[in-house]
Amino acid sequence: MIAYGFDECQLPVIDAAVRPDHFASQRVLEKAGLRCYDQFHDVPGAPASLLYELRAQTWRDQGTPK
């Protein structure tokens, strides 16, 4: 799916947001190569969501298999 985003759709970056208590989702994002880079308060009264990203150039530089 990452390859499709970068190769077919020509996206420069793939972003994702995840709740801080969704550890399995965080692990899936990390295994796909995304890294947590920030957080934002999207739900009043709840902990901030975590923002993940993977840039196309980083993905290519890592030699990530397609």
# chains A, B, ... in the order shown; residues from 1 in each chain; ligands from 1
call {"tool": "select_by_dssp", "arguments": {"residues": "chain A", "states": "strand (DSSP E or B)", "output": "list in words"}}
result
Val13, Ile14, Asp15, Ala16, Ala17, Val18, Arg35, Cys36, Tyr37, Asp38, Gln39, Phe40, Ser49, Leu50, Leu51, Tyr52, Glu53, Leu54 and Arg55 of chain A
call {"tool": "residues_around", "arguments": {"residues": "range 33-42 of chain A", "least_positions_apart": "5", "cutoff": "8 Å", "atoms": "only C-alpha atoms", "output": "list in words"}}
result
Asp15, Pro47, Ala48, Ser49, Leu50, Leu51, Tyr52, Glu53, Leu54 and Trp59 of chain A
call {"tool": "atom_distance", "arguments": {"atom1": "CA of Val13 in chain A", "atom2": "CA of Ala56 in chain A"}}
result
5.6 Å
call {"tool": "select_by_dssp", "arguments": {"residues": "chain A", "states": "helix (DSSP H, G or I)", "output": "list in words"}}
result
Ile2, Ala3, Tyr4, Gly5, Phe6, Asp7, Glu8, Phe23, Ala24, Ser25, Gln26, Arg27, Val28, Leu29, Glu30, Lys31, Ala56, Gln57, Thr58, Trp59, Arg60 and Asp61 of chain A
call {"tool": "atom_distance", "arguments": {"atom1": "CA of Thr58 in chain A", "atom2": "CA of Asp21 in chain A"}}
result
26.8 Å
call {"tool": "atom_distance", "arguments": {"atom1": "CA of Leu29 in chain A", "atom2": "CA of Tyr4 in chain A"}}
result
15.6 Å
call {"tool": "decode", "arguments": {"residues": "range 15-45 of chain A", "atoms": "C-alpha atoms", "output": "mmCIF file, in the first residue's frame"}}
result
data_model
loop_
_atom_site.group_PDB
_atom_site.id
_atom_site.type_symbol
_atom_site.label_atom_id
_atom_site.label_comp_id
_atom_site.auth_asym_id
_atom_site.auth_seq_id
_atom_site.Cartn_x
_atom_site.Cartn_y
_atom_site.Cartn_z
ATOM 1 C CA ASP A 15 0.559 10.933 6.965
ATOM 2 C CA ALA A 16 -1.467 9.147 9.603
ATOM 3 C CA ALA A 17 -3.059 10.079 12.912
ATOM 4 C CA VAL A 18 -3.599 7.587 15.717
ATOM 5 C CA ARG A 19 -4.918 7.721 19.249
ATOM 6 C CA PRO A 20 -2.151 7.394 21.855
ATOM 7 C CA ASP A 21 -3.670 4.264 23.414
ATOM 8 C CA HIS A 22 -3.913 2.347 20.107
ATOM 9 C CA PHE A 23 -0.586 0.573 20.433
ATOM 10 C CA ALA A 24 -1.306 -2.022 17.743
ATOM 11 C CA SER A 25 -2.063 0.710 15.196
ATOM 12 C CA GLN A 26 1.110 2.551 16.148
ATOM 13 C CA ARG A 27 3.105 -0.643 15.629
ATOM 14 C CA VAL A 28 1.555 -1.201 12.172
ATOM 15 C CA LEU A 29 2.496 2.342 11.149
ATOM 16 C CA GLU A 30 6.040 1.912 12.451
ATOM 17 C CA LYS A 31 6.464 -1.426 10.671
ATOM 18 C CA ALA A 32 5.360 0.308 7.457
ATOM 19 C CA GLY A 33 8.141 2.856 7.968
ATOM 20 C CA LEU A 34 6.175 5.803 9.344
ATOM 21 C CA ARG A 35 7.622 7.716 12.288
ATOM 22 C CA CYS A 36 5.869 9.759 14.960
ATOM 23 C CA TYR A 37 6.738 13.425 14.511
ATOM 24 C CA ASP A 38 4.113 15.444 16.397
ATOM 25 C CA GLN A 39 0.801 15.394 18.217
ATOM 26 C CA PHE A 40 -2.389 17.413 18.064
ATOM 27 C CA HIS A 41 -5.457 17.912 20.232
ATOM 28 C CA ASP A 42 -8.388 16.839 18.086
ATOM 29 C CA VAL A 43 -10.813 15.573 20.747
ATOM 30 C CA PRO A 44 -11.630 17.976 23.590
ATOM 31 C CA GLY A 45 -10.766 16.487 26.967
#
